[in-house]
Amino acid sequence: MTSGRGSLPLPEFEGVPAGALAGRIGTLDLQQVEQLIGYERNHGERGAVLEVLERRRDQLRGGAEATTS
C-alpha cells in the first residue's frame with residue numbers, strides 16, 4: 001500500500017518527528033494509518049515513527065476511534 005507523498009493523509013509527514021507524531025495521527029482512521037505505515041516502510045524506515053504508527057494501528061483495530069480534533 002504505497003502512495004505518493006502528495007496523497008498522504010498527514011501534511012508534511014516526512015518531517016514530523018516521532019515524538020510529535022502521536023498527537024498528529026489521532027484524527028486518522030485505520031486505513032489512513034496503514035497508508036502511512038506503508039509509505040514509511042517504503043521510504044523512510046524510521047523505526048521510532050513505525051513504532052508510533054503501529055501502536056496506533058493496533059489501538060484502532062482494538063476498537064479505538066479517531067478523534068475529531
# chains A, B, ... in the order shown; residues from 1 in each chain; ligands from 1
>>> residues_around(residues="Asp29 in chain A", least_positions_apart="4", cutoff="12 Å", atoms="only C-alpha atoms", output="number ranges by chain")
A: 9-10, 25, 33-36, 53, 56-61, 63-68
>>> write_last_selection(atoms="all heavy atoms", output="compact mmCIF listing (two decimals), in the first residue's frame")
# COMPACT_ATOMS: atom_id res chain seq x y z
N PRO A 9 -2.28 11.21 4.08
CA PRO A 9 -3.32 11.82 4.91
C PRO A 9 -2.80 12.79 5.97
O PRO A 9 -3.59 13.41 6.67
CB PRO A 9 -4.01 10.61 5.56
CG PRO A 9 -2.97 9.55 5.58
CD PRO A 9 -2.12 9.78 4.36
N LEU A 10 -1.50 12.92 6.10
CA LEU A 10 -0.92 13.82 7.09
C LEU A 10 0.06 14.76 6.39
O LEU A 10 1.10 14.32 5.90
CB LEU A 10 -0.19 13.01 8.17
CG LEU A 10 0.37 13.78 9.36
CD1 LEU A 10 -0.73 14.43 10.16
CD2 LEU A 10 1.16 12.85 10.25
N ILE A 25 -1.71 12.04 14.72
CA ILE A 25 -2.40 10.96 14.00
C ILE A 25 -3.70 10.52 14.66
O ILE A 25 -4.38 9.63 14.15
CB ILE A 25 -1.47 9.73 13.80
CG1 ILE A 25 -1.03 9.15 15.14
CG2 ILE A 25 -0.30 10.07 12.89
CD1 ILE A 25 -0.28 7.84 15.02
N VAL A 33 -3.86 5.35 8.70
CA VAL A 33 -2.67 4.96 9.46
C VAL A 33 -1.91 3.87 8.70
O VAL A 33 -0.68 3.92 8.60
CB VAL A 33 -3.05 4.50 10.88
CG1 VAL A 33 -1.85 3.91 11.61
CG2 VAL A 33 -3.62 5.67 11.68
N GLU A 34 -2.62 2.91 8.14
CA GLU A 34 -1.96 1.86 7.37
C GLU A 34 -1.28 2.44 6.13
O GLU A 34 -0.22 1.97 5.73
CB GLU A 34 -2.96 0.77 7.00
CG GLU A 34 -3.33 -0.06 8.21
CD GLU A 34 -4.32 -1.17 7.91
OE1 GLU A 34 -5.08 -1.07 6.92
OE2 GLU A 34 -4.34 -2.14 8.69
N GLN A 35 -1.87 3.46 5.54
CA GLN A 35 -1.25 4.11 4.40
C GLN A 35 0.09 4.75 4.81
O GLN A 35 1.09 4.62 4.10
CB GLN A 35 -2.18 5.19 3.83
CG GLN A 35 -1.63 5.89 2.61
CD GLN A 35 -2.57 6.97 2.09
OE1 GLN A 35 -3.60 7.25 2.68
NE2 GLN A 35 -2.20 7.56 0.98
N LEU A 36 0.12 5.40 5.97
CA LEU A 36 1.36 5.99 6.45
C LEU A 36 2.40 4.92 6.79
O LEU A 36 3.60 5.10 6.53
CB LEU A 36 1.09 6.86 7.68
CG LEU A 36 0.32 8.16 7.43
CD1 LEU A 36 0.07 8.88 8.75
CD2 LEU A 36 1.05 9.06 6.45
N LEU A 53 3.19 4.54 14.70
CA LEU A 53 2.12 4.23 13.76
C LEU A 53 1.53 2.85 14.01
O LEU A 53 0.30 2.68 14.00
CB LEU A 53 2.64 4.32 12.32
CG LEU A 53 2.99 5.72 11.82
CD1 LEU A 53 3.73 5.63 10.49
CD2 LEU A 53 1.76 6.60 11.71
N ARG A 56 -0.68 2.86 17.07
CA ARG A 56 -1.98 3.47 16.80
C ARG A 56 -2.85 2.53 15.95
O ARG A 56 -4.05 2.41 16.18
CB ARG A 56 -1.80 4.81 16.09
CG ARG A 56 -3.09 5.52 15.79
CD ARG A 56 -3.88 5.83 17.06
NE ARG A 56 -5.14 6.48 16.75
CZ ARG A 56 -6.19 6.46 17.53
NH1 ARG A 56 -6.14 5.87 18.71
NH2 ARG A 56 -7.29 7.06 17.17
N ARG A 57 -2.24 1.85 15.00
CA ARG A 57 -2.98 0.88 14.19
C ARG A 57 -3.59 -0.20 15.09
O ARG A 57 -4.77 -0.54 14.95
CB ARG A 57 -2.06 0.23 13.17
CG ARG A 57 -2.78 -0.83 12.33
CD ARG A 57 -1.83 -1.68 11.55
NE ARG A 57 -0.91 -2.36 12.46
CZ ARG A 57 0.23 -2.89 12.10
NH1 ARG A 57 0.64 -2.80 10.86
NH2 ARG A 57 1.00 -3.50 12.98
N ASP A 58 -2.82 -0.69 16.03
CA ASP A 58 -3.31 -1.72 16.95
C ASP A 58 -4.45 -1.19 17.81
O ASP A 58 -5.41 -1.91 18.08
CB ASP A 58 -2.18 -2.25 17.81
CG ASP A 58 -1.13 -3.01 17.00
OD1 ASP A 58 -1.40 -3.37 15.83
OD2 ASP A 58 -0.02 -3.23 17.53
N GLN A 59 -4.35 0.06 18.25
CA GLN A 59 -5.43 0.67 19.03
C GLN A 59 -6.71 0.75 18.21
O GLN A 59 -7.80 0.42 18.70
CB GLN A 59 -5.03 2.07 19.50
CG GLN A 59 -3.94 2.09 20.53
CD GLN A 59 -3.43 3.50 20.79
OE1 GLN A 59 -3.67 4.43 20.00
NE2 GLN A 59 -2.68 3.66 21.88
N LEU A 60 -6.59 1.18 16.95
CA LEU A 60 -7.76 1.29 16.09
C LEU A 60 -8.37 -0.08 15.80
O LEU A 60 -9.58 -0.24 15.80
CB LEU A 60 -7.40 2.00 14.79
CG LEU A 60 -7.08 3.50 14.94
CD1 LEU A 60 -6.41 4.03 13.68
CD2 LEU A 60 -8.33 4.28 15.27
N ARG A 61 -7.53 -1.07 15.60
CA ARG A 61 -8.03 -2.43 15.37
C ARG A 61 -8.73 -2.96 16.60
O ARG A 61 -9.64 -3.79 16.51
CB ARG A 61 -6.88 -3.36 15.00
CG ARG A 61 -6.40 -3.19 13.59
CD ARG A 61 -5.28 -4.15 13.30
NE ARG A 61 -4.86 -4.08 11.91
CZ ARG A 61 -3.78 -4.66 11.44
NH1 ARG A 61 -3.00 -5.38 12.24
NH2 ARG A 61 -3.44 -4.54 10.18
N GLY A 63 -10.59 -1.25 18.56
CA GLY A 63 -11.85 -0.55 18.82
C GLY A 63 -11.75 0.92 19.12
O GLY A 63 -12.75 1.59 19.25
N ALA A 64 -10.53 1.44 19.25
CA ALA A 64 -10.37 2.88 19.46
C ALA A 64 -10.91 3.62 18.25
O ALA A 64 -10.93 3.10 17.14
CB ALA A 64 -8.91 3.23 19.69
N GLU A 65 -11.37 4.81 18.46
CA GLU A 65 -11.91 5.62 17.37
C GLU A 65 -11.02 6.84 17.14
O GLU A 65 -10.34 7.31 18.04
CB GLU A 65 -13.32 6.07 17.70
CG GLU A 65 -14.29 4.90 17.81
CD GLU A 65 -15.71 5.34 18.04
OE1 GLU A 65 -16.01 6.55 17.82
OE2 GLU A 65 -16.52 4.51 18.43
N ALA A 66 -11.07 7.33 15.92
CA ALA A 66 -10.35 8.55 15.59
C ALA A 66 -11.01 9.72 16.31
O ALA A 66 -12.23 9.74 16.50
CB ALA A 66 -10.39 8.79 14.08
N THR A 67 -10.18 10.66 16.76
CA THR A 67 -10.73 11.85 17.42
C THR A 67 -11.20 12.84 16.38
O THR A 67 -10.86 12.74 15.20
CB THR A 67 -9.65 12.50 18.32
OG1 THR A 67 -8.55 12.87 17.49
CG2 THR A 67 -9.20 11.55 19.40
N THR A 68 -11.95 13.82 16.80
CA THR A 68 -12.48 14.80 15.87
C THR A 68 -11.61 16.05 15.75
O THR A 68 -11.84 16.87 14.89
CB THR A 68 -13.91 15.22 16.24
OG1 THR A 68 -13.90 15.71 17.57
CG2 THR A 68 -14.85 14.04 16.10
>>> residues_around(residues="range 42-46 of chain A", least_positions_apart="4", cutoff="9 Å", atoms="only C-alpha atoms", output="number ranges by chain")
A: 2, 14, 18, 37-38, 50-51
>>> write_last_selection(atoms="N, CA, C and O atoms", output="mmCIF file, in the first residue's frame")
data_model
loop_
_atom_site.group_PDB
_atom_site.id
_atom_site.type_symbol
_atom_site.label_atom_id
_atom_site.label_comp_id
_atom_site.auth_asym_id
_atom_site.auth_seq_id
_atom_site.Cartn_x
_atom_site.Cartn_y
_atom_site.Cartn_z
ATOM 1 N N THR A 2 1.451 1.537 -1.123
ATOM 2 C CA THR A 2 2.298 2.710 -1.213
ATOM 3 C C THR A 2 1.565 3.803 -1.947
ATOM 4 O O THR A 2 0.636 3.565 -2.700
ATOM 5 N N GLU A 14 6.748 13.460 6.317
ATOM 6 C CA GLU A 14 8.169 13.103 6.351
ATOM 7 C C GLU A 14 8.966 13.928 7.351
ATOM 8 O O GLU A 14 9.998 13.488 7.836
ATOM 9 N N ALA A 18 9.077 11.625 15.538
ATOM 10 C CA ALA A 18 8.313 10.570 16.211
ATOM 11 C C ALA A 18 7.633 11.081 17.476
ATOM 12 O O ALA A 18 6.508 10.713 17.774
ATOM 13 N N ILE A 37 1.964 3.795 7.354
ATOM 14 C CA ILE A 37 2.886 2.697 7.658
ATOM 15 C C ILE A 37 3.523 2.197 6.364
ATOM 16 O O ILE A 37 4.746 2.019 6.294
ATOM 17 N N GLY A 38 2.727 1.986 5.348
ATOM 18 C CA GLY A 38 3.259 1.526 4.071
ATOM 19 C C GLY A 38 4.237 2.517 3.468
ATOM 20 O O GLY A 38 5.304 2.139 2.977
ATOM 21 N N LEU A 50 7.659 4.219 12.857
ATOM 22 C CA LEU A 50 6.895 2.992 12.621
ATOM 23 C C LEU A 50 6.290 2.456 13.912
ATOM 24 O O LEU A 50 5.148 1.982 13.916
ATOM 25 N N GLU A 51 7.028 2.557 15.000
ATOM 26 C CA GLU A 51 6.511 2.108 16.301
ATOM 27 C C GLU A 51 5.246 2.856 16.684
ATOM 28 O O GLU A 51 4.259 2.271 17.118
#
>>> select_by_dssp(residues="chain A", states="alpha helix (DSSP H)", output="PyMOL selection string")
chain A and resi 18-24+30-43+47-61
>>> closest_residue(among="A:Gln32, A:Gly62, A:Ala48, A:Glu54", to="Ala20 in chain A", atoms="only C-alpha atoms")
A:Ala48
